[in-house]
Every structure is written in C-alpha cells, then in structure tokens.
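Worksheet: the structure to be examined is printed underneath.
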Amino acid sequence: MTLKDATAVVGIGQTPFAKRLPESEKTLACRAVLAALDDAGIDPSEVDALASYTMEETDEVELAKAVGFGDLTFFSKVGYGGGGSCATIAHLAAAITAGQATVGVAWRSRKRGSGPRPWTNTAVQLPTPAQWTRPFGLLRPADEIAMLTRRYMHEYGATRDHLFNVALACRNRANQNPAAIMYDRPLTREMYMTARWISEPLCLYDNCLETDGALACVVVSRERARDCRHKPVYVHSAAQGLPAQHHGMVNYWNDDPLTGPAWSAARHLWKHADFTPAEVDVAQIYDAFTALVPLSLEGYGFCGRGEGGAFTEGGALEIGGRLPLNTGGGGLSEAYVHGFNLINEGVRQLRGTSTAQVPDAATCLVTAGEGVPTSALLLRS
C-alpha cells in the first residue's frame, strides 16, 4: 500500500485575512471548512476524518457539532506549530488510503494578528532547549532564526540581497493577489535596506505577517475525486521530518545546525516520488522568515549545500524563473496562518486558478516550517 496519488485535494476554502477580524477562531474555522466543502461539492454530513494542529484552539467536538459532520472515524493533531501544516494533509491521505475514513478535512484557524504571542506566557514552564536560550535574550522565534541566519551568512557568504530576493518575490506575487494583506503595497530594495531591525540581521521585511484568518482543505480518495466539482490535485508524496538530536528553532548544538528538518523530510519525500526537484514547476516554501527559504532550497535538493542564497539571484524565484515561489504571497506578504495558505495556493496552481499562475504547472512542492519538526507534500495535477 502506498500513498502515491491514492488521494486528492478536492476542496479549498478560506476566510478573509486581516490584522484584526471580529469573529472568534471557532467561527473562522467553521467558515473556512464550509467554504472548502462547498468548493468540493460535498455535504458536511459526509465528513468522517479531521486533522489539524496541536496549537489549534478549535477542537474536533466543537467543529463537528457546529458544522454538522457525521460520525468521525479518524482525527489527529500534529505538533510543532508551522511544521505541522503539510502533515495534516498527509495524515488524512494515510487514513483514507488505509480505509479508516472516506472524506477528510484539514484546517487551521488563528487570530495571531489580534491575539497573544505564544512565547509571552511566562506562567508556562520553559521547554528544556529554551532554558538555555531565553534567559539570555533569545525570546522570540525571530531572535532564534536570526542566530541561524547570521551563521549561514558567515559560513556561506549569503547576503541581505539574497534575503531581499525572497521578500521581493513574495511581495510581487501578493501584489497580484487581491486576498493578500500586502496586495496594494509594493516593496522596493530601498525600503528593505532601510527598514528597522526586528532581530539583526533580520529586518521588518524578513519577518512574516501577523494575521487573523482560517483555511481548510478537503481530501478524498482518487476514485471519489473524479466526481467532485474541480480538477483533482493528487497527493503524490508526503513526508514528515525530525532529525536526530534536533532541538526546535535553536539547533545550535547539533553537529551541523544548518542541516535542519527539511533534509530529513526531503529524503523520504523524494524516495516515494516519480519526479525530481528539477521537475517541480512551482514551489510553496514556508517563509515565516526569509532565511528559511534558502535553507529549504538546499534541504529539498534544488541546489547544493551553501548555494541557497545564490539560487535566488537573477529572478529565479519570480514567475518565469527557475523556481517560481509562494505565488499567493506566502507568509511574508499574503497571510501568516501557520503555512496553511501555502497548501491552498499549491492547489490553485495545479487547478490553473492562481492569481499569479505559472503556465502549465503540473507539479508543486509545499513545505512546512523549517527549523522545527516539519512536513512536506508533493502535489501533482
């Protein structure tokens, strides 16, 4: 039994994105799920599987009652924040392939724009790695990734221009996407280079947005997908990755801190795929911080070790470039909802309905957060 093309994403849905939305996270979740089911042409009563994140505040019981699901025979949650996005689809694909369910829904609802930051809760006992970093000033994810970024720049000669290339590609695509928070806000090199520091060497534009919003996907078997409203987008390969001796976000005492979870996920992902990195038409790479993109380009095999910065040169990440990137704007410029918008945008690309459509796109890589235990998907039309 294999997951290869056995299931397909047949419905996607989302709410508007904003810095502040009045609705609760539960209400936003319900709206995104109902929109995805309507997109698929499937009644809520047919849903029998759910998958989300451990950080999701809307639980299965409340969602099932509010939306009107039938009996649920499979439900799971994936840990590690943004690392869980693609794994939610993978869990549903595995359950459906194994006969544990027939119609699965994955979702993420979050009020990060108007809500609290997870690391501000001082009443919670620090996890072991954080006991060695936060008391000394590494309080936020931006601080933790800034350390890795500085090491990457030192070891391999990556520059702020390389990080700007990532930020610019995402912003250019957001400028084509009316749903993106940064739709009407172009970015220039001067704006980037003169922006305030968030955690040096990461400036304002190296950091993802703070967003309220929700998204959802519907997954069914390959056979069922033929009867749904839209062209199926097949789950070709899926993987999770947690390397040996890893410490989330603060991987500084590994033998090789710059070889993150992407490398572990990639080995499994490509082992079960019928195509290679060179045959990927478009990529949706997790971009909570610009520096995660060159690290992921290396981890997933698009270039050699230390070459991720140089890969971004010459418009490589733009439409028409070597690897068009985050075509909805990504977490940097569309919305930051723990990476789930990257999944929906991957589906749109392979349906041919993106606002920044890559001509004849037939294969897409979607990745979850690098720097934490992660996951990834290969989608194909």
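Every chain in the structure tokens has a letter given in the order shown (A, B, ...), and although residue numbers restart at 1 in each chain, ligands are simply numbered from 1 in the order shown.
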
Which residues, written as a ChimeraX atom specification, have at least one atom at most 12 Å from range 313-315 of chain A, with only C-alpha atoms counted and residues fewer than 3 positions away on the same chain left out? /A:158-170,172,294,307-310,318-325

Within 9 Å of range 74-86 of chain A, counting only C-alpha atoms, which residues show up once you throw out same-chain ones fewer than 2 positions away? Write them as a VMD selection string, please. chain A and resid 48 to 56 60 72 88 to 92 95 100 to 101 104 106 to 108 238 to 240 248 286 288 337 to 340 342 to 343 366 to 377

Between CA of Ala225 in chain A and CA of Pro178 in chain A, what distance in Å does the model show, to one decimal? 28.5 Å

Would you kindly return, as a list in words, each protein, DNA or RNA residue with an atom no farther than 9 Å from any atom of Gly346 in chain A, considering only C-alpha atoms and excluding same-chain residues fewer than 4 positions away?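 Everything that qualifies: Val233, Val282, Ala283, Gln284, Asn326, Thr327, Gly328, Asn341, Leu342, Leu350, Arg351, Ser354, Thr363, Cys364, Leu365, Val366 and Leu379 of chain A.
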
Just C-alpha atoms for this one: save the residues we selected as a PDB file, in the first residue's frame.
```
ATOM      1  CA  VAL A 233      -4.944  17.730  -7.190  1.00  0.00           C
ATOM      2  CA  VAL A 282       6.256  25.782  -8.730  1.00  0.00           C
ATOM      3  CA  ALA A 283       7.051  25.755  -5.008  1.00  0.00           C
ATOM      4  CA  GLN A 284       5.261  26.991  -1.915  1.00  0.00           C
ATOM      5  CA  ASN A 326       4.967  31.383  -2.968  1.00  0.00           C
ATOM      6  CA  THR A 327       2.717  32.576  -5.740  1.00  0.00           C
ATOM      7  CA  GLY A 328      -0.030  33.825  -3.417  1.00  0.00           C
ATOM      8  CA  ASN A 341      -2.218  29.201   2.848  1.00  0.00           C
ATOM      9  CA  LEU A 342       0.741  27.622   1.033  1.00  0.00           C
ATOM     10  CA  LEU A 350      -2.388  22.916 -10.218  1.00  0.00           C
ATOM     11  CA  ARG A 351      -6.011  23.780 -10.917  1.00  0.00           C
ATOM     12  CA  SER A 354      -3.898  31.191  -9.185  1.00  0.00           C
ATOM     13  CA  THR A 363       3.868  19.619 -10.122  1.00  0.00           C
ATOM     14  CA  CYS A 364       4.183  21.576  -6.872  1.00  0.00           C
ATOM     15  CA  LEU A 365       6.252  21.259  -3.704  1.00  0.00           C
ATOM     16  CA  VAL A 366       4.659  22.553  -0.494  1.00  0.00           C
ATOM     17  CA  LEU A 379       1.224  17.661  -5.356  1.00  0.00           C
TER      18      LEU A 379
END
```

Quick one: distance from CA of Asp5 in chain A to CA of Gly213 in chain A in Å, one decimal?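 Those two atoms sit 29.7 Å apart.
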
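Here CA of Asn251 in chain A and CA of Leu148 in chain A stand 8.3 Å from one another.
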
Tell me, as a list in words, which residues lie within 10 Å of Trp270 in chain A, counting only C-alpha atoms; anything in the same chain fewer than 5 positions away does not count.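 The residues satisfying every condition are Ser237, Ala238, Ala239, Ala265, Phe275, Thr276, Pro277, Tyr300, Gly301, Leu377 and Leu378 of chain A.
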
Grab the residues selected above and save them as a compact mmCIF listing (two decimals), in the first residue's frame with all heavy atoms.
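So again20.txt came out as:
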```txt
# COMPACT_ATOMS: atom_id res chain seq x y z
N SER A 237 3.26 12.55 -2.94
CA SER A 237 4.17 12.08 -1.91
C SER A 237 4.04 12.98 -0.70
O SER A 237 3.71 14.17 -0.84
CB SER A 237 5.62 12.09 -2.43
OG SER A 237 6.52 11.60 -1.45
N ALA A 238 4.28 12.42 0.47
CA ALA A 238 4.18 13.20 1.71
C ALA A 238 5.22 12.70 2.68
O ALA A 238 5.61 11.53 2.67
CB ALA A 238 2.78 13.06 2.31
N ALA A 239 5.70 13.61 3.53
CA ALA A 239 6.73 13.22 4.49
C ALA A 239 6.70 14.14 5.69
O ALA A 239 6.28 15.29 5.62
CB ALA A 239 8.11 13.28 3.83
N ALA A 265 13.01 15.38 6.00
CA ALA A 265 11.75 15.23 5.28
C ALA A 265 12.00 14.98 3.80
O ALA A 265 11.32 14.15 3.17
CB ALA A 265 10.89 16.49 5.47
N PHE A 275 9.09 12.03 -9.66
CA PHE A 275 9.81 13.13 -10.30
C PHE A 275 10.82 13.71 -9.32
O PHE A 275 10.83 13.36 -8.13
CB PHE A 275 8.85 14.20 -10.85
CG PHE A 275 7.86 14.75 -9.87
CD1 PHE A 275 8.16 15.86 -9.08
CD2 PHE A 275 6.60 14.17 -9.72
CE1 PHE A 275 7.24 16.38 -8.19
CE2 PHE A 275 5.67 14.69 -8.83
CZ PHE A 275 5.99 15.80 -8.05
N THR A 276 11.68 14.57 -9.81
CA THR A 276 12.81 15.09 -9.05
C THR A 276 12.64 16.59 -8.80
O THR A 276 11.75 17.22 -9.37
CB THR A 276 14.11 14.86 -9.83
OG1 THR A 276 14.10 15.69 -11.01
CG2 THR A 276 14.27 13.40 -10.24
N PRO A 277 13.51 17.19 -7.97
CA PRO A 277 13.43 18.64 -7.78
C PRO A 277 13.49 19.42 -9.08
O PRO A 277 12.82 20.45 -9.22
CB PRO A 277 14.63 18.93 -6.88
CG PRO A 277 14.83 17.68 -6.10
CD PRO A 277 14.48 16.57 -7.05
N TYR A 300 15.73 20.58 0.26
CA TYR A 300 14.87 19.82 -0.65
C TYR A 300 15.52 19.56 -2.01
O TYR A 300 14.87 19.06 -2.91
CB TYR A 300 13.52 20.53 -0.81
CG TYR A 300 12.66 20.38 0.43
CD1 TYR A 300 12.58 21.40 1.37
CD2 TYR A 300 11.96 19.20 0.68
CE1 TYR A 300 11.84 21.25 2.53
CE2 TYR A 300 11.22 19.04 1.82
CZ TYR A 300 11.16 20.07 2.76
OH TYR A 300 10.42 19.90 3.91
N GLY A 301 16.79 19.89 -2.14
CA GLY A 301 17.57 19.43 -3.28
C GLY A 301 17.54 20.28 -4.53
O GLY A 301 17.90 19.81 -5.60
N LEU A 377 4.77 18.16 1.15
CA LEU A 377 3.91 17.49 0.19
C LEU A 377 4.44 17.71 -1.22
O LEU A 377 4.93 18.80 -1.54
CB LEU A 377 2.49 18.04 0.23
CG LEU A 377 1.65 17.88 1.49
CD1 LEU A 377 0.38 18.73 1.38
CD2 LEU A 377 1.31 16.40 1.72
N LEU A 378 4.31 16.71 -2.04
CA LEU A 378 4.42 16.86 -3.48
C LEU A 378 3.02 16.68 -4.06
O LEU A 378 2.40 15.63 -3.87
CB LEU A 378 5.38 15.85 -4.09
CG LEU A 378 6.87 16.07 -3.79
CD1 LEU A 378 7.69 14.90 -4.33
CD2 LEU A 378 7.36 17.38 -4.39
```

In range 141-188 of chain A, DSSP alpha helix (DSSP H) residues written as a PyMOL selection string: chain A and resi 141-156+160-174

Here is a test: counting only C-alpha atoms, which residue of A:Gly330, A:Gly260, A:Gly306, A:Pro232 is nearest to Ala362 in chain A?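 Of the candidates, the smallest distance to Ala362 in chain A is held by A:Pro232.
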
Contacts of Ala195 in chain A at 9 Å (only C-alpha atoms; same-chain gap of 5+ positions) as a list in words: Glu190, Cys203, Leu204 and Tyr205 of chain A

I want to know what sits within 6 Å of range 29-35 of chain A, based on only C-alpha atoms, with residues of the same chain fewer than 2 positions away left out; could you give that as a VMD selection string? chain A and resid 13 to 15 26 to 27 37 to 38 109 214 to 216

Residues from the last selection, N, CA and C atoms, saved as a CSV table (one decimal), in the first residue's frame:
```csv
chain,number,residue,atom,x,y,z
A,13,GLY,N,-10.8,26.2,1.0
A,13,GLY,CA,-11.6,27.4,1.5
A,13,GLY,C,-10.8,28.2,2.4
A,14,GLN,N,-11.2,29.5,2.5
A,14,GLN,CA,-10.5,30.4,3.4
A,14,GLN,C,-11.4,31.6,3.8
A,15,THR,N,-11.1,32.2,4.9
A,15,THR,CA,-11.8,33.4,5.3
A,15,THR,C,-11.0,34.6,4.7
A,26,LYS,N,-13.2,29.9,16.4
A,26,LYS,CA,-14.1,28.8,16.1
A,26,LYS,C,-15.0,29.2,14.9
A,27,THR,N,-15.5,30.4,14.9
A,27,THR,CA,-16.3,30.9,13.8
A,27,THR,C,-15.5,30.9,12.5
A,37,LEU,N,-15.8,22.6,1.8
A,37,LEU,CA,-16.7,21.6,1.4
A,37,LEU,C,-17.6,22.0,0.2
A,38,ASP,N,-18.0,23.3,0.3
A,38,ASP,CA,-18.8,23.8,-0.9
A,38,ASP,C,-18.0,23.8,-2.1
A,109,SER,N,-7.2,27.6,12.0
A,109,SER,CA,-7.8,28.9,12.3
A,109,SER,C,-7.0,29.6,13.4
A,214,ALA,N,-8.5,31.9,8.6
A,214,ALA,CA,-8.6,30.5,8.7
A,214,ALA,C,-8.6,29.9,7.3
A,215,LEU,N,-8.2,28.7,7.1
A,215,LEU,CA,-8.2,28.0,5.9
A,215,LEU,C,-8.5,26.5,6.1
A,216,ALA,N,-8.9,25.8,5.0
A,216,ALA,CA,-9.3,24.4,5.1
A,216,ALA,C,-9.1,23.7,3.8
```

Can you list, as a PDB file with N, CA, C and O atoms, in the first residue's frame, every residue of range 27-132 of chain A that DSSP puts in strand (DSSP E)?
```
ATOM      1  N   ALA A  49     -13.379  12.365   8.830  1.00  0.00           N
ATOM      2  CA  ALA A  49     -11.991  12.457   9.292  1.00  0.00           C
ATOM      3  C   ALA A  49     -11.576  13.915   9.413  1.00  0.00           C
ATOM      4  O   ALA A  49     -11.956  14.751   8.578  1.00  0.00           O
ATOM      5  N   LEU A  50     -10.798  14.213  10.449  1.00  0.00           N
ATOM      6  CA  LEU A  50     -10.307  15.566  10.674  1.00  0.00           C
ATOM      7  C   LEU A  50      -8.825  15.528  11.019  1.00  0.00           C
ATOM      8  O   LEU A  50      -8.345  14.575  11.642  1.00  0.00           O
ATOM      9  N   ALA A  51      -8.115  16.578  10.638  1.00  0.00           N
ATOM     10  CA  ALA A  51      -6.712  16.723  11.033  1.00  0.00           C
ATOM     11  C   ALA A  51      -6.395  18.195  11.179  1.00  0.00           C
ATOM     12  O   ALA A  51      -6.800  19.017  10.346  1.00  0.00           O
ATOM     13  N   SER A  52      -5.697  18.517  12.250  1.00  0.00           N
ATOM     14  CA  SER A  52      -5.300  19.906  12.468  1.00  0.00           C
ATOM     15  C   SER A  52      -4.018  19.925  13.279  1.00  0.00           C
ATOM     16  O   SER A  52      -3.292  18.939  13.358  1.00  0.00           O
ATOM     17  N   TYR A  53      -3.732  21.067  13.899  1.00  0.00           N
ATOM     18  CA  TYR A  53      -2.507  21.279  14.650  1.00  0.00           C
ATOM     19  C   TYR A  53      -2.776  21.137  16.146  1.00  0.00           C
ATOM     20  O   TYR A  53      -3.867  21.455  16.619  1.00  0.00           O
ATOM     21  N   PHE A  74     -11.817   9.024  12.233  1.00  0.00           N
ATOM     22  CA  PHE A  74     -10.380   9.327  12.320  1.00  0.00           C
ATOM     23  C   PHE A  74     -10.214  10.800  12.656  1.00  0.00           C
ATOM     24  O   PHE A  74     -10.898  11.652  12.086  1.00  0.00           O
ATOM     25  N   PHE A  75      -9.333  11.105  13.604  1.00  0.00           N
ATOM     26  CA  PHE A  75      -8.992  12.501  13.883  1.00  0.00           C
ATOM     27  C   PHE A  75      -7.601  12.536  14.497  1.00  0.00           C
ATOM     28  O   PHE A  75      -7.233  11.694  15.303  1.00  0.00           O
ATOM     29  N   SER A  76      -6.815  13.509  14.080  1.00  0.00           N
ATOM     30  CA  SER A  76      -5.439  13.622  14.555  1.00  0.00           C
ATOM     31  C   SER A  76      -5.039  15.083  14.641  1.00  0.00           C
ATOM     32  O   SER A  76      -5.647  15.950  14.004  1.00  0.00           O
ATOM     33  N   LYS A  77      -3.997  15.337  15.443  1.00  0.00           N
ATOM     34  CA  LYS A  77      -3.416  16.671  15.520  1.00  0.00           C
ATOM     35  C   LYS A  77      -1.896  16.545  15.437  1.00  0.00           C
ATOM     36  O   LYS A  77      -1.308  15.599  15.966  1.00  0.00           O
ATOM     37  N   VAL A  78      -1.285  17.526  14.775  1.00  0.00           N
ATOM     38  CA  VAL A  78       0.152  17.495  14.528  1.00  0.00           C
ATOM     39  C   VAL A  78       0.820  18.627  15.297  1.00  0.00           C
ATOM     40  O   VAL A  78       0.339  19.757  15.286  1.00  0.00           O
ATOM     41  N   VAL A 103     -13.866  10.859   3.724  1.00  0.00           N
ATOM     42  CA  VAL A 103     -13.809  12.304   3.437  1.00  0.00           C
ATOM     43  C   VAL A 103     -13.116  12.994   4.600  1.00  0.00           C
ATOM     44  O   VAL A 103     -13.612  12.968   5.729  1.00  0.00           O
ATOM     45  N   GLY A 104     -11.978  13.581   4.332  1.00  0.00           N
ATOM     46  CA  GLY A 104     -11.198  14.225   5.385  1.00  0.00           C
ATOM     47  C   GLY A 104     -11.139  15.729   5.222  1.00  0.00           C
ATOM     48  O   GLY A 104     -11.109  16.240   4.095  1.00  0.00           O
ATOM     49  N   VAL A 105     -11.113  16.432   6.345  1.00  0.00           N
ATOM     50  CA  VAL A 105     -10.964  17.888   6.350  1.00  0.00           C
ATOM     51  C   VAL A 105      -9.784  18.248   7.242  1.00  0.00           C
ATOM     52  O   VAL A 105      -9.705  17.799   8.391  1.00  0.00           O
ATOM     53  N   ALA A 106      -8.883  19.051   6.703  1.00  0.00           N
ATOM     54  CA  ALA A 106      -7.802  19.645   7.489  1.00  0.00           C
ATOM     55  C   ALA A 106      -8.036  21.142   7.541  1.00  0.00           C
ATOM     56  O   ALA A 106      -8.525  21.734   6.575  1.00  0.00           O
ATOM     57  N   TRP A 107      -7.674  21.758   8.669  1.00  0.00           N
ATOM     58  CA  TRP A 107      -7.943  23.190   8.788  1.00  0.00           C
ATOM     59  C   TRP A 107      -6.962  23.831   9.756  1.00  0.00           C
ATOM     60  O   TRP A 107      -6.305  23.158  10.546  1.00  0.00           O
ATOM     61  N   ARG A 108      -6.863  25.138   9.671  1.00  0.00           N
ATOM     62  CA  ARG A 108      -6.144  25.940  10.674  1.00  0.00           C
ATOM     63  C   ARG A 108      -6.840  27.272  10.799  1.00  0.00           C
ATOM     64  O   ARG A 108      -7.071  27.970   9.801  1.00  0.00           O
ATOM     65  N   SER A 109      -7.217  27.617  12.020  1.00  0.00           N
ATOM     66  CA  SER A 109      -7.837  28.902  12.327  1.00  0.00           C
ATOM     67  C   SER A 109      -6.979  29.591  13.373  1.00  0.00           C
ATOM     68  O   SER A 109      -6.603  28.981  14.381  1.00  0.00           O
ATOM     69  N   ARG A 110      -6.690  30.864  13.137  1.00  0.00           N
ATOM     70  CA  ARG A 110      -5.759  31.528  14.045  1.00  0.00           C
ATOM     71  C   ARG A 110      -6.015  33.029  14.099  1.00  0.00           C
ATOM     72  O   ARG A 110      -6.245  33.651  13.066  1.00  0.00           O
ATOM     73  N   LYS A 111      -5.939  33.568  15.296  1.00  0.00           N
ATOM     74  CA  LYS A 111      -6.007  35.022  15.456  1.00  0.00           C
ATOM     75  C   LYS A 111      -4.654  35.499  15.987  1.00  0.00           C
ATOM     76  O   LYS A 111      -4.533  35.953  17.125  1.00  0.00           O
TER      77      LYS A 111
END
```

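Distance annotation: of A:Leu3, A:Ala356, A:His272, A:Leu292, the residue with the minimal separation from Ile96 in chain A is A:Leu3; atom set is only C-alpha atoms.
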
Would you mind listing what lies within 12 Å of Ala18 in chain A as JSON, numbers by chain, with only C-alpha atoms counted and same-chain residues fewer than 2 positions away left out? {"A": [15, 16, 20, 21, 22, 23, 110, 111, 112, 113, 114, 179, 180, 181, 182, 183, 209, 210, 211, 212, 213, 214, 333, 334, 335, 336, 337]}
